[in-house]
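Engineer: Sharing input_12.txt below, compact mmCIF, N, CA and C atoms:
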```txt
# COMPACT_ATOMS: atom_id res chain seq x y z
N MET D 1 195.35 -47.66 16.83
CA MET D 1 195.74 -47.05 15.57
C MET D 1 195.13 -47.87 14.43
N SER D 2 194.57 -47.20 13.47
CA SER D 2 193.89 -47.85 12.36
C SER D 2 194.90 -48.41 11.36
N PRO D 3 194.67 -49.64 10.85
CA PRO D 3 195.58 -50.21 9.86
C PRO D 3 195.47 -49.52 8.50
N VAL D 4 194.36 -48.79 8.25
CA VAL D 4 194.16 -48.10 6.99
C VAL D 4 194.76 -46.70 7.08
N ARG D 5 195.64 -46.38 6.17
CA ARG D 5 196.21 -45.03 6.16
C ARG D 5 195.22 -44.07 5.53
N ARG D 6 195.16 -42.89 6.08
CA ARG D 6 194.23 -41.87 5.62
C ARG D 6 194.94 -40.83 4.76
N CYS D 7 194.16 -40.12 3.97
CA CYS D 7 194.66 -39.04 3.12
C CYS D 7 195.31 -37.97 4.01
N SER D 8 196.41 -37.42 3.54
CA SER D 8 197.15 -36.40 4.30
C SER D 8 196.49 -35.02 4.25
N ARG D 9 195.55 -34.81 3.35
CA ARG D 9 194.90 -33.51 3.25
C ARG D 9 194.04 -33.25 4.48
N THR D 10 194.07 -32.02 4.95
CA THR D 10 193.34 -31.62 6.15
C THR D 10 191.85 -31.92 5.99
N ALA D 11 191.28 -32.52 7.02
CA ALA D 11 189.86 -32.85 7.12
C ALA D 11 189.39 -33.94 6.17
N CYS D 12 190.27 -34.56 5.42
CA CYS D 12 189.88 -35.66 4.54
C CYS D 12 190.02 -36.96 5.31
N ARG D 13 188.97 -37.76 5.33
CA ARG D 13 188.96 -39.02 6.06
C ARG D 13 188.98 -40.22 5.13
N GLN D 14 189.23 -39.99 3.84
CA GLN D 14 189.24 -41.08 2.86
C GLN D 14 190.53 -41.90 2.99
N PRO D 15 190.46 -43.18 2.63
CA PRO D 15 191.69 -43.99 2.67
C PRO D 15 192.67 -43.54 1.59
N ALA D 16 193.94 -43.56 1.93
CA ALA D 16 194.99 -43.18 0.98
C ALA D 16 195.24 -44.32 0.00
N VAL D 17 195.43 -43.96 -1.26
CA VAL D 17 195.74 -44.96 -2.29
C VAL D 17 196.97 -44.56 -3.12
N PHE D 18 197.46 -43.34 -2.91
CA PHE D 18 198.62 -42.83 -3.64
C PHE D 18 199.61 -42.20 -2.65
N THR D 19 200.87 -42.13 -3.05
CA THR D 19 201.88 -41.42 -2.26
C THR D 19 202.50 -40.36 -3.15
N LEU D 20 202.57 -39.14 -2.62
CA LEU D 20 203.14 -38.00 -3.33
C LEU D 20 204.51 -37.68 -2.73
N THR D 21 205.50 -37.55 -3.60
CA THR D 21 206.86 -37.21 -3.18
C THR D 21 207.34 -36.05 -4.04
N TYR D 22 207.98 -35.08 -3.42
CA TYR D 22 208.56 -33.96 -4.15
C TYR D 22 210.05 -34.18 -4.33
N VAL D 23 210.53 -33.98 -5.57
CA VAL D 23 211.96 -34.04 -5.86
C VAL D 23 212.36 -32.60 -6.18
N TYR D 24 212.80 -31.91 -5.13
CA TYR D 24 213.07 -30.48 -5.26
C TYR D 24 214.19 -30.18 -6.26
N ALA D 25 215.20 -31.02 -6.32
CA ALA D 25 216.33 -30.79 -7.21
C ALA D 25 215.89 -30.79 -8.68
N ASP D 26 214.85 -31.55 -9.00
CA ASP D 26 214.37 -31.64 -10.38
C ASP D 26 213.08 -30.88 -10.62
N SER D 27 212.58 -30.17 -9.59
CA SER D 27 211.29 -29.48 -9.68
C SER D 27 210.21 -30.42 -10.19
N THR D 28 210.09 -31.57 -9.52
CA THR D 28 209.17 -32.61 -9.95
C THR D 28 208.36 -33.12 -8.76
N ALA D 29 207.07 -33.33 -8.99
CA ALA D 29 206.21 -33.98 -8.02
C ALA D 29 205.90 -35.36 -8.57
N VAL D 30 206.19 -36.40 -7.81
CA VAL D 30 205.99 -37.78 -8.26
C VAL D 30 204.81 -38.36 -7.49
N LEU D 31 203.79 -38.79 -8.23
CA LEU D 31 202.61 -39.41 -7.64
C LEU D 31 202.58 -40.86 -8.07
N GLY D 32 202.68 -41.75 -7.10
CA GLY D 32 202.73 -43.17 -7.42
C GLY D 32 201.86 -43.98 -6.48
N PRO D 33 201.95 -45.29 -6.57
CA PRO D 33 201.16 -46.16 -5.71
C PRO D 33 201.51 -45.92 -4.24
N LEU D 34 200.61 -46.27 -3.36
CA LEU D 34 200.80 -46.08 -1.93
C LEU D 34 202.07 -46.78 -1.49
N ALA D 35 202.94 -46.03 -0.82
CA ALA D 35 204.21 -46.59 -0.34
C ALA D 35 203.95 -47.67 0.70
N ALA D 36 204.89 -48.58 0.83
CA ALA D 36 204.74 -49.70 1.75
C ALA D 36 204.67 -49.24 3.20
N TYR D 37 205.30 -48.12 3.51
CA TYR D 37 205.26 -47.59 4.88
C TYR D 37 205.28 -46.07 4.82
N VAL D 38 204.88 -45.44 5.91
CA VAL D 38 204.79 -43.99 5.99
C VAL D 38 206.19 -43.40 6.03
N GLU D 39 206.42 -42.42 5.18
CA GLU D 39 207.69 -41.71 5.15
C GLU D 39 207.44 -40.27 5.58
N PRO D 40 208.36 -39.68 6.34
CA PRO D 40 208.11 -38.34 6.87
C PRO D 40 208.02 -37.23 5.83
N HIS D 41 208.64 -37.40 4.67
CA HIS D 41 208.63 -36.33 3.67
C HIS D 41 207.74 -36.66 2.48
N CYS D 42 206.82 -37.59 2.65
CA CYS D 42 205.89 -37.96 1.60
C CYS D 42 204.46 -37.71 2.10
N TYR D 43 203.55 -37.62 1.16
CA TYR D 43 202.15 -37.37 1.51
C TYR D 43 201.30 -38.47 0.91
N ASP D 44 200.45 -39.07 1.73
CA ASP D 44 199.51 -40.08 1.26
C ASP D 44 198.23 -39.37 0.84
N LEU D 45 197.72 -39.70 -0.35
CA LEU D 45 196.53 -39.03 -0.88
C LEU D 45 195.46 -40.03 -1.27
N CYS D 46 194.21 -39.61 -1.12
CA CYS D 46 193.09 -40.42 -1.60
C CYS D 46 192.97 -40.22 -3.11
N ALA D 47 192.09 -40.98 -3.75
CA ALA D 47 191.95 -40.91 -5.21
C ALA D 47 191.47 -39.52 -5.66
N VAL D 48 190.55 -38.91 -4.91
CA VAL D 48 190.01 -37.60 -5.29
C VAL D 48 191.11 -36.54 -5.26
N HIS D 49 191.87 -36.47 -4.17
CA HIS D 49 192.92 -35.46 -4.07
C HIS D 49 194.07 -35.75 -5.04
N ALA D 50 194.35 -36.99 -5.34
CA ALA D 50 195.38 -37.33 -6.31
C ALA D 50 194.98 -36.86 -7.71
N ASP D 51 193.69 -37.01 -8.06
CA ASP D 51 193.22 -36.56 -9.37
C ASP D 51 193.27 -35.04 -9.51
N ARG D 52 193.06 -34.32 -8.42
CA ARG D 52 193.06 -32.86 -8.42
C ARG D 52 194.46 -32.25 -8.30
N LEU D 53 195.47 -33.07 -8.11
CA LEU D 53 196.82 -32.59 -7.84
C LEU D 53 197.35 -31.71 -8.97
N THR D 54 197.84 -30.56 -8.59
CA THR D 54 198.55 -29.68 -9.52
C THR D 54 199.89 -29.33 -8.88
N ALA D 55 200.84 -28.98 -9.71
CA ALA D 55 202.18 -28.63 -9.21
C ALA D 55 202.40 -27.14 -9.40
N PRO D 56 203.33 -26.57 -8.66
CA PRO D 56 203.65 -25.15 -8.84
C PRO D 56 204.12 -24.87 -10.27
N ARG D 57 204.00 -23.63 -10.68
CA ARG D 57 204.42 -23.23 -12.03
C ARG D 57 205.90 -23.57 -12.22
N GLY D 58 206.20 -24.21 -13.35
CA GLY D 58 207.58 -24.60 -13.66
C GLY D 58 207.91 -26.01 -13.18
N TRP D 59 207.03 -26.61 -12.42
CA TRP D 59 207.24 -27.97 -11.93
C TRP D 59 206.53 -28.95 -12.84
N GLU D 60 207.02 -30.18 -12.83
CA GLU D 60 206.42 -31.25 -13.62
C GLU D 60 205.80 -32.27 -12.67
N VAL D 61 204.64 -32.82 -13.06
CA VAL D 61 204.01 -33.89 -12.27
C VAL D 61 204.22 -35.19 -13.03
N VAL D 62 204.82 -36.16 -12.36
CA VAL D 62 205.01 -37.49 -12.94
C VAL D 62 204.04 -38.42 -12.23
N ARG D 63 203.15 -39.02 -12.98
CA ARG D 63 202.17 -39.95 -12.42
C ARG D 63 202.59 -41.37 -12.80
N LEU D 64 203.03 -42.11 -11.81
CA LEU D 64 203.44 -43.50 -12.05
C LEU D 64 202.21 -44.38 -12.14
N PRO D 65 202.25 -45.41 -12.98
CA PRO D 65 201.10 -46.31 -13.10
C PRO D 65 200.85 -47.05 -11.79
N VAL D 66 199.57 -47.22 -11.49
CA VAL D 66 199.18 -47.90 -10.26
C VAL D 66 198.46 -49.18 -10.64
N GLU D 67 198.95 -50.30 -10.10
CA GLU D 67 198.28 -51.57 -10.33
C GLU D 67 197.12 -51.68 -9.35
N THR D 68 195.90 -51.84 -9.87
CA THR D 68 194.75 -51.94 -8.98
C THR D 68 194.53 -53.38 -8.53
N ALA D 69 194.99 -54.35 -9.29
CA ALA D 69 194.82 -55.75 -8.90
C ALA D 69 195.96 -56.16 -7.99
N GLY D 70 195.66 -56.99 -7.03
CA GLY D 70 196.70 -57.51 -6.15
C GLY D 70 196.82 -56.75 -4.85
N GLY D 71 196.69 -55.43 -4.88
CA GLY D 71 196.69 -54.63 -3.67
C GLY D 71 198.03 -54.52 -2.97
N GLY D 72 199.11 -54.94 -3.56
CA GLY D 72 200.41 -54.83 -2.91
C GLY D 72 201.50 -55.23 -3.86
N PRO D 73 202.73 -55.23 -3.38
CA PRO D 73 203.82 -55.60 -4.27
C PRO D 73 203.72 -57.06 -4.69
N GLY D 74 204.06 -57.33 -5.94
CA GLY D 74 204.03 -58.69 -6.44
C GLY D 74 205.27 -59.46 -6.04
N SER D 75 205.27 -60.75 -6.34
CA SER D 75 206.41 -61.58 -5.97
C SER D 75 207.67 -61.15 -6.73
N ASP D 76 207.51 -60.67 -7.97
CA ASP D 76 208.68 -60.18 -8.72
C ASP D 76 209.27 -58.95 -8.05
N ASP D 77 208.41 -58.07 -7.54
CA ASP D 77 208.89 -56.87 -6.85
C ASP D 77 209.65 -57.24 -5.59
N LEU D 78 209.10 -58.16 -4.83
CA LEU D 78 209.74 -58.57 -3.58
C LEU D 78 211.06 -59.29 -3.85
N GLU D 79 211.09 -60.10 -4.90
CA GLU D 79 212.32 -60.81 -5.24
C GLU D 79 213.40 -59.82 -5.69
N ALA D 80 213.01 -58.82 -6.48
CA ALA D 80 213.97 -57.81 -6.93
C ALA D 80 214.50 -57.01 -5.74
N LEU D 81 213.63 -56.70 -4.79
CA LEU D 81 214.07 -55.98 -3.60
C LEU D 81 215.04 -56.82 -2.78
N ALA D 82 214.72 -58.11 -2.61
CA ALA D 82 215.61 -59.00 -1.86
C ALA D 82 216.97 -59.12 -2.56
N ASP D 83 216.97 -59.21 -3.88
CA ASP D 83 218.23 -59.28 -4.63
C ASP D 83 219.06 -58.01 -4.45
N ALA D 84 218.39 -56.85 -4.45
CA ALA D 84 219.09 -55.59 -4.26
C ALA D 84 219.71 -55.49 -2.88
N VAL D 85 218.99 -55.98 -1.86
CA VAL D 85 219.52 -55.96 -0.49
C VAL D 85 220.72 -56.88 -0.38
N ARG D 86 220.62 -58.08 -0.97
CA ARG D 86 221.75 -59.01 -0.95
C ARG D 86 222.97 -58.42 -1.65
N GLU D 87 222.75 -57.77 -2.78
CA GLU D 87 223.85 -57.18 -3.54
C GLU D 87 224.52 -56.06 -2.74
N ALA D 88 223.72 -55.24 -2.06
CA ALA D 88 224.29 -54.14 -1.26
C ALA D 88 225.08 -54.67 -0.07
N ALA D 89 224.69 -55.82 0.48
CA ALA D 89 225.37 -56.38 1.64
C ALA D 89 226.63 -57.16 1.26
N ARG D 90 226.74 -57.55 0.01
CA ARG D 90 227.89 -58.33 -0.44
C ARG D 90 229.15 -57.47 -0.42
N PRO D 91 230.27 -58.00 0.10
CA PRO D 91 231.51 -57.20 0.08
C PRO D 91 231.96 -56.97 -1.35
N PRO D 92 232.61 -55.83 -1.60
CA PRO D 92 233.04 -55.54 -2.98
C PRO D 92 234.03 -56.58 -3.47
N ALA D 93 233.98 -56.81 -4.77
CA ALA D 93 234.89 -57.79 -5.38
C ALA D 93 236.33 -57.33 -5.17
N ARG D 94 237.15 -58.24 -4.75
CA ARG D 94 238.56 -57.92 -4.48
C ARG D 94 239.31 -57.79 -5.80
N GLN D 95 240.06 -56.74 -5.94
CA GLN D 95 240.84 -56.55 -7.15
C GLN D 95 242.06 -57.43 -7.10
N ASP D 96 242.57 -57.74 -8.27
CA ASP D 96 243.82 -58.50 -8.37
C ASP D 96 244.93 -57.66 -7.75
N PRO D 97 245.64 -58.17 -6.73
CA PRO D 97 246.66 -57.37 -6.07
C PRO D 97 247.76 -56.90 -7.00
N SER D 98 247.92 -57.56 -8.11
CA SER D 98 248.98 -57.14 -9.03
C SER D 98 248.51 -56.03 -9.96
N GLU D 99 247.26 -55.65 -9.85
CA GLU D 99 246.74 -54.61 -10.73
C GLU D 99 247.32 -53.25 -10.35
N ASP D 100 247.83 -52.52 -11.32
CA ASP D 100 248.46 -51.24 -11.06
C ASP D 100 247.42 -50.19 -10.72
N VAL D 101 247.77 -49.34 -9.77
CA VAL D 101 246.93 -48.21 -9.39
C VAL D 101 247.83 -46.99 -9.35
N GLY D 102 247.70 -46.12 -10.32
CA GLY D 102 248.54 -44.93 -10.37
C GLY D 102 250.00 -45.33 -10.50
N GLU D 103 250.83 -44.95 -9.52
CA GLU D 103 252.26 -45.26 -9.55
C GLU D 103 252.59 -46.43 -8.63
N GLY D 104 251.60 -47.22 -8.25
CA GLY D 104 251.87 -48.33 -7.35
C GLY D 104 250.91 -49.47 -7.58
N THR D 105 250.96 -50.45 -6.68
CA THR D 105 250.10 -51.61 -6.76
C THR D 105 249.23 -51.66 -5.52
N GLU D 106 247.93 -51.80 -5.72
CA GLU D 106 247.02 -51.87 -4.59
C GLU D 106 247.22 -53.20 -3.86
N THR D 107 247.41 -53.13 -2.55
CA THR D 107 247.62 -54.35 -1.77
C THR D 107 246.46 -54.64 -0.83
N LEU D 108 245.67 -53.63 -0.47
CA LEU D 108 244.58 -53.81 0.47
C LEU D 108 243.55 -52.72 0.26
N ARG D 109 242.28 -53.05 0.45
CA ARG D 109 241.20 -52.06 0.32
C ARG D 109 240.23 -52.25 1.48
N ARG D 110 239.86 -51.15 2.12
CA ARG D 110 238.83 -51.12 3.16
C ARG D 110 237.86 -50.01 2.81
N LYS D 111 236.69 -50.40 2.29
CA LYS D 111 235.68 -49.45 1.82
C LYS D 111 236.30 -48.48 0.83
N HIS D 112 236.41 -47.20 1.16
CA HIS D 112 236.94 -46.23 0.21
C HIS D 112 238.44 -45.98 0.37
N LEU D 113 239.08 -46.64 1.35
CA LEU D 113 240.52 -46.46 1.58
C LEU D 113 241.31 -47.58 0.91
N ARG D 114 242.49 -47.24 0.38
CA ARG D 114 243.33 -48.23 -0.27
C ARG D 114 244.74 -48.15 0.26
N VAL D 115 245.41 -49.28 0.36
CA VAL D 115 246.83 -49.33 0.67
C VAL D 115 247.53 -49.64 -0.64
N VAL D 116 248.44 -48.75 -1.03
CA VAL D 116 249.12 -48.88 -2.31
C VAL D 116 250.62 -49.00 -2.06
N ARG D 117 251.22 -50.05 -2.58
CA ARG D 117 252.66 -50.25 -2.49
C ARG D 117 253.31 -49.55 -3.67
N SER D 118 254.33 -48.77 -3.40
CA SER D 118 255.02 -48.05 -4.46
C SER D 118 255.83 -49.02 -5.30
N ASP D 119 255.72 -48.89 -6.60
CA ASP D 119 256.50 -49.72 -7.53
C ASP D 119 257.74 -48.98 -7.99
N LEU D 120 257.99 -47.81 -7.46
CA LEU D 120 259.12 -47.01 -7.89
C LEU D 120 260.45 -47.73 -7.67
N GLY D 121 260.59 -48.42 -6.54
CA GLY D 121 261.83 -49.12 -6.22
C GLY D 121 262.11 -50.27 -7.17
N GLU D 122 261.08 -50.87 -7.72
CA GLU D 122 261.28 -52.00 -8.62
C GLU D 122 261.71 -51.53 -10.00
N GLN D 123 261.32 -50.30 -10.36
CA GLN D 123 261.61 -49.81 -11.70
C GLN D 123 262.99 -49.18 -11.79
N GLN D 124 263.41 -48.50 -10.74
CA GLN D 124 264.71 -47.86 -10.74
C GLN D 124 265.24 -47.79 -9.32
N SER D 125 266.51 -47.67 -9.17
CA SER D 125 267.09 -47.60 -7.83
C SER D 125 266.81 -46.23 -7.24
N PRO D 126 266.58 -46.16 -5.93
CA PRO D 126 266.30 -44.87 -5.32
C PRO D 126 267.54 -43.98 -5.38
N ARG D 127 267.33 -42.70 -5.51
CA ARG D 127 268.41 -41.73 -5.55
C ARG D 127 268.69 -41.23 -4.14
N HIS D 128 269.92 -41.17 -3.79
CA HIS D 128 270.30 -40.62 -2.49
C HIS D 128 270.88 -39.23 -2.70
N PRO D 129 270.55 -38.29 -1.82
CA PRO D 129 271.09 -36.94 -1.99
C PRO D 129 272.63 -36.96 -1.89
N GLY D 130 273.21 -36.26 -2.73
CA GLY D 130 274.66 -36.13 -2.74
C GLY D 130 275.36 -37.33 -3.34
N GLY D 131 274.60 -38.30 -3.90
CA GLY D 131 275.24 -39.51 -4.39
C GLY D 131 275.25 -39.55 -5.81
```
When written as structure tokens, how does the structure in this file appear?
Structural biologist:
Amino acid sequence: MSPVRRCSRTACRQPAVFTLTYVYADSTAVLGPLAAYVEPHCYDLCAVHADRLTAPRGWEVVRLPVETAGGGPGSDDLEALADAVREAARPPARQDPSEDVGEGTETLRRKHLRVVRSDLGEQQSPRHPGG
């Protein structure tokens, strides 16, 4: 397998230098620098096909700037990516257990689930039927 990625256009043997991604929800075609790895829903394009790119009527083409020097992500890009991965892996900050949540106090949290202790008993005595 060749280490050089080729243009996705049929019969084109030129090396790819851009990646095209469609954002269907926004009716936008985004053309940017060659992605770090092949993605199944993206298209790698050579310079000629990228220059000729047109979008369907009503769609917008966004052309992201491409850095020609360096040939890859810079150290700032890699550091920002590493910081984002670390932040995503960090457990969420624990809330103060005494912080009120609705009609109770949160005592435990697991991802999107919360255990809430009712504060109703502390504010007033419970009512018993018939009493």
Engineer: Need the shell around Arg57 of chain D: protein/DNA/RNA residues with any atom at most 12 Å away, counting only C-alpha atoms. Skip same-chain ones fewer than 5 positions apart. Format as an NGL selection string?
Structural biologist: :D and (27-29)
Engineer: Find the distance between atom C of Pro15 of chain D and atom C of Ala55 of chain D and write it in Å to one decimal.
Structural biologist: 22.0 Å
Engineer: Using only N, CA and C atoms, list the residues that have an atom at most 6 Å from (200.9, -39.5, -9.1), coordinates as in the file, as a list in words.
Structural biologist: Val30, Leu31, Gly32, Val62, Arg63 and Leu64 of chain D
Engineer: Could you please determine the separation between atom CA of Leu20 of chain D and atom CA of Pro33 of chain D in Å, to one decimal place?
Structural biologist: 8.7 Å
Engineer: Between D:Pro3, D:Asp26, D:Ala16, D:Arg109, which residue has the minimum interatomic distance to Glu60 of chain D, considering only N, CA and C atoms?
Structural biologist: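 The answer is D:Asp26, which sits nearest to Glu60 of chain D.
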Engineer: Determine the nearest neighbour of Trp59 of chain D from the options D:Ala25, D:Ala80, D:Val85, D:Ala47, counting only C-alpha atoms.
Structural biologist: D:Ala25
Engineer: For a test of reading the model, state the distance in Å between atom C of Pro56 of chain D and atom CA of Tyr37 of chain D, rounded to one decimal.
Structural biologist: 27.3 Å
